[in-house]
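Asker: The structure is given below, and queries will be raised subsequently.
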Amino acid sequence: MTTAEKFLEMLTAILIFVAVVGVILFLAGRVRGKKGDRWVAFLYLAPAILMLAVGLIYPAARTIFQSFFDAAGTAFIGLDNYQTIFTSSDQLTVLRNTVLWVVVTPFVATAVGLLYAVLVDKARLESFAKALIFLPMAISFVGASIIWKFVYEFRPDQVGVKQIGLLNQVIVWVGGKPQQWLVESPWNTLFLILVMIWIQAGFAMTVLSAAIKSIPDDVVEAARLDGVTPFGMFRFVTLPSIRPAVVVVLTTIGIGTLKVFDIVRTMTGGQFDTSVVANEFYSQSFRSDNQGLGAALAVLLFILVIPIVVYNVRQLRASEAR
């Protein structure tokens, strides 16, 4: 497709969009009365509903349907793909890694962010200190993965061979031997998780710091007058007051962790037993050309995300009702 054809296609799309909006506004202007208000609302919601159906509902239904077929997507095989996920040794390793990611990352990242937010609260260089830990949030997952891949880089322990990985170079300086950090399982998964924690700790710190600053001053002063120790202040005043924010941070990071793909794909490509569900359904669908198993993994990922989203919504509604 030439540049002129691309511009023509873009112009056509813009004209269609303008025409649709014009038709909606025209019809909305012609409808009057109480019953007309409902039609106006429907007219404005119709494009969004249509795009939601085409871009989300149909692909989801199609993926669920395809998960019951074989690799070529032609023969119906029932629940065989799901059985493979929970019986194959390779897929069990994928599930183990995913569980490890979800159990470790949200809690450690939230704990680090909370600790940092408490320590730098009302400090002299608070803004600068927060900026340091928030900076990784400005880096894409791929960019962060490349940075940490250089940190973990390994070179053979031979004469004349210099280490270019920061971690191995430090070990060599202290008299140790360089290690292949991204090869040995399951430790390599933990080293990948560290990258996600490094990124998400800044998000946790930002949200929790704002929650800490919203605690009423009279509550803090009353606790101090009662002789509450700093640890008691954190346990009985700060933590209960920011509990809704902690839940939001935990669930948000948990959802992001379940969908993690960039870090694994960039650093190991899912090799050395480091693959997770999101990376595996990409590999099965587009590299191994196993459409059925890839679709089943995508459905599994969707099912795993639903409870976290429901819990998050319920907690938000409960905090708003207080």
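To be explicit about the labels: the chains of the structure tokens are called A, B, and onward in the order shown, and within each one the residues are counted from 1, while ligands get numbers from 1 in the order they are shown.
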Write out as a list of chain:residue names each polymer residue whose atoms come within 10 Å of A:Ser140, counting only C-alpha atoms; drop sequence neighbours fewer than 6 positions from it.
Answerer: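 Counting only the stated atoms, we get A:Ile146, A:Ile199, A:Asp262, A:Ile263.
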Asker: Write the residues of the selection above to a file with N, CA, C and O atoms, as a compact mmCIF listing (two decimals), in the first residue's frame.
Answerer:
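File produced: out.txt:
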```txt
# COMPACT_ATOMS: atom_id res chain seq x y z
N ILE A 146 15.16 -4.97 28.99
CA ILE A 146 16.48 -4.86 28.36
C ILE A 146 17.51 -4.38 29.36
O ILE A 146 18.64 -4.88 29.40
N ILE A 199 9.45 -2.21 38.84
CA ILE A 199 8.57 -1.30 38.11
C ILE A 199 7.36 -0.90 38.95
O ILE A 199 7.00 0.28 39.05
N ASP A 262 5.65 -9.07 28.41
CA ASP A 262 6.81 -8.37 27.87
C ASP A 262 8.11 -8.80 28.53
O ASP A 262 9.12 -9.03 27.86
N ILE A 263 8.09 -8.91 29.86
CA ILE A 263 9.32 -9.21 30.60
C ILE A 263 9.83 -10.60 30.23
O ILE A 263 11.01 -10.79 29.92
```
Asker: Mind checking which residues fall within 9 Å of A:Val305, counting only C-alpha atoms, ignoring those fewer than 2 positions away in the same chain, and posting them as a ChimeraX atom specification?
Answerer: /A:254-255,258-259,300-303,307-310
Asker: Print the selection's residues with all heavy atoms to a file, as a short mmCIF file (atom, residue, chain, number, x, y, z; two decimals), in the first residue's frame.
Answerer:
```
data_model
loop_
_atom_site.label_atom_id
_atom_site.label_comp_id
_atom_site.auth_asym_id
_atom_site.auth_seq_id
_atom_site.Cartn_x
_atom_site.Cartn_y
_atom_site.Cartn_z
N GLY A 254 -1.81 -7.32 40.88
CA GLY A 254 -2.11 -8.73 40.63
C GLY A 254 -2.63 -8.97 39.22
O GLY A 254 -2.22 -9.92 38.55
N ILE A 255 -3.53 -8.09 38.76
CA ILE A 255 -4.06 -8.23 37.40
C ILE A 255 -2.95 -8.03 36.38
O ILE A 255 -2.83 -8.77 35.40
CB ILE A 255 -5.20 -7.22 37.18
CG1 ILE A 255 -6.40 -7.58 38.06
CG2 ILE A 255 -5.61 -7.19 35.71
CD1 ILE A 255 -7.49 -6.52 38.06
N LEU A 258 -0.75 -11.13 36.26
CA LEU A 258 -1.34 -12.25 35.55
C LEU A 258 -1.15 -12.11 34.04
O LEU A 258 -1.01 -13.10 33.32
CB LEU A 258 -2.84 -12.35 35.87
CG LEU A 258 -3.25 -13.21 37.06
CD1 LEU A 258 -4.74 -13.07 37.32
CD2 LEU A 258 -2.88 -14.66 36.84
N LYS A 259 -1.15 -10.88 33.56
CA LYS A 259 -1.04 -10.63 32.12
C LYS A 259 0.41 -10.41 31.68
O LYS A 259 0.63 -10.04 30.51
CB LYS A 259 -1.88 -9.40 31.75
CG LYS A 259 -3.36 -9.54 32.07
CD LYS A 259 -4.13 -8.33 31.58
CE LYS A 259 -3.66 -7.06 32.26
NZ LYS A 259 -4.41 -5.87 31.78
N LEU A 300 -8.28 -19.45 30.02
CA LEU A 300 -7.84 -19.67 31.39
C LEU A 300 -7.36 -18.36 32.02
O LEU A 300 -7.68 -18.06 33.18
CB LEU A 300 -6.71 -20.71 31.41
CG LEU A 300 -6.05 -20.95 32.77
CD1 LEU A 300 -7.06 -21.52 33.76
CD2 LEU A 300 -4.86 -21.89 32.63
N LEU A 301 -6.61 -17.58 31.27
CA LEU A 301 -6.13 -16.30 31.77
C LEU A 301 -7.30 -15.37 32.10
O LEU A 301 -7.30 -14.69 33.12
CB LEU A 301 -5.21 -15.65 30.74
CG LEU A 301 -4.55 -14.32 31.14
CD1 LEU A 301 -3.67 -14.51 32.35
CD2 LEU A 301 -3.75 -13.77 29.98
N PHE A 302 -8.30 -15.37 31.24
CA PHE A 302 -9.49 -14.55 31.47
C PHE A 302 -10.21 -14.98 32.74
O PHE A 302 -10.64 -14.15 33.55
CB PHE A 302 -10.42 -14.66 30.27
CG PHE A 302 -11.72 -13.91 30.41
CD1 PHE A 302 -11.74 -12.53 30.38
CD2 PHE A 302 -12.91 -14.61 30.59
CE1 PHE A 302 -12.94 -11.84 30.52
CE2 PHE A 302 -14.10 -13.93 30.73
CZ PHE A 302 -14.12 -12.54 30.70
N ILE A 303 -10.33 -16.29 32.93
CA ILE A 303 -11.00 -16.81 34.13
C ILE A 303 -10.22 -16.44 35.40
O ILE A 303 -10.82 -16.11 36.44
CB ILE A 303 -11.16 -18.34 34.01
CG1 ILE A 303 -12.14 -18.68 32.88
CG2 ILE A 303 -11.65 -18.94 35.32
CD1 ILE A 303 -12.24 -20.17 32.58
N PRO A 307 -11.97 -13.18 39.18
CA PRO A 307 -12.15 -13.03 40.64
C PRO A 307 -11.45 -11.80 41.21
O PRO A 307 -11.98 -11.15 42.12
CB PRO A 307 -11.53 -14.33 41.19
CG PRO A 307 -11.55 -15.29 40.06
CD PRO A 307 -11.35 -14.48 38.84
N ILE A 308 -10.28 -11.47 40.69
CA ILE A 308 -9.55 -10.30 41.20
C ILE A 308 -10.31 -9.02 40.85
O ILE A 308 -10.43 -8.12 41.69
CB ILE A 308 -8.13 -10.26 40.61
CG1 ILE A 308 -7.37 -11.54 40.96
CG2 ILE A 308 -7.37 -9.05 41.13
CD1 ILE A 308 -5.97 -11.61 40.38
N VAL A 309 -10.83 -8.94 39.63
CA VAL A 309 -11.59 -7.76 39.23
C VAL A 309 -12.86 -7.62 40.07
O VAL A 309 -13.19 -6.52 40.55
CB VAL A 309 -11.95 -7.84 37.73
CG1 VAL A 309 -12.87 -6.69 37.33
CG2 VAL A 309 -10.69 -7.83 36.88
N VAL A 310 -13.58 -8.71 40.29
CA VAL A 310 -14.81 -8.68 41.09
C VAL A 310 -14.50 -8.24 42.52
O VAL A 310 -15.20 -7.39 43.09
CB VAL A 310 -15.50 -10.06 41.08
CG1 VAL A 310 -16.65 -10.09 42.07
CG2 VAL A 310 -15.99 -10.39 39.69
#
```
Asker: May I ask for the distance between atom CA of A:Ile49 and atom CA of A:Leu316, given in Å to one decimal place?
Answerer: 24.9 Å
Asker: When you look at A:Met205 with a cut-off of 6 Å (counting only C-alpha atoms), what residues show up, excluding the ones that are within fewer than 5 positions of it in the same chain? I need them as a list of chain:residue names.
Answerer: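 Near neighbours after the sequence-gap exclusion: A:Gly113, A:Leu114, A:Ala117.
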Asker: When distances are computed from only C-alpha atoms, which of A:Ala245, A:Val276, A:Val219, A:Ile14 shows the smallest separation from A:Asn312?
Answerer: A:Ala245
Asker: Using only C-alpha atoms, which protein or nucleic acid residues come within 10 Å of A:Ala138? Drop anything in the same chain fewer than 4 positions from it, and give the result as a list in words.
Answerer: Phe134, Gly143, Ala144, Ile199 and Gly202 of chain A
Asker: What parts of stretch 74-178 of chain A does DSSP call helix (DSSP H, G or I)? I'd like the answer as a PyMOL selection string.
Answerer: chain A and resi 80-87+89-120+126-138+141-151+166-173
Asker: Need to verify the contact set: A:Pro216, 12 Å, only C-alpha atoms, exclusion of same-chain residues closer than 6 positions in sequence. Can you return it as a CSV table (one decimal) with C-alpha atoms, in the first residue's frame?
Answerer:
```csv
chain,number,residue,atom,x,y,z
A,222,ALA,CA,-4.8,12.0,69.2
A,223,ALA,CA,-2.8,8.8,68.7
A,237,VAL,CA,-3.7,4.1,62.6
A,238,THR,CA,-1.9,4.2,59.3
A,241,SER,CA,-6.9,4.0,57.4
A,242,ILE,CA,-5.3,3.2,54.0
```
Asker: Show me, as a list of chain:residue names, the residues that have an atom within 12 Å of A:Arg62 when counting only C-alpha atoms, minus same-chain residues fewer than 6 positions from it.
Answerer: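 The contact residues come out as A:Ala53, A:Val54, A:Gly55, A:Leu56, A:Phe68, A:Phe69, A:Gly73, A:Gln291, A:Gly292, A:Ala295, A:Ala296, A:Ala298, A:Val299.
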Asker: Compare A:Ile253, A:Ile85, A:Ala71, A:Val151 by their minimum atom-to-atom distance to A:Leu297, counting only C-alpha atoms, and give me the closest one.
Answerer: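 Closest residue, counting only C-alpha atoms: A:Ile85.
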Asker: As a PyMOL selection string, please: the residues near stretch 89-92 of chain A (cut-off 9 Å, only C-alpha atoms, same-chain neighbours under 2 positions excluded).
Answerer: chain A and resi 84-87+94-97+273+276-277+280
Asker: Between A:Thr206, A:Asn188, A:Gln169, A:Gln158, which one has atoms that come closest to A:Val249, using only C-alpha atoms?
Answerer: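 Smallest separation from A:Val249 among the options: A:Thr206.
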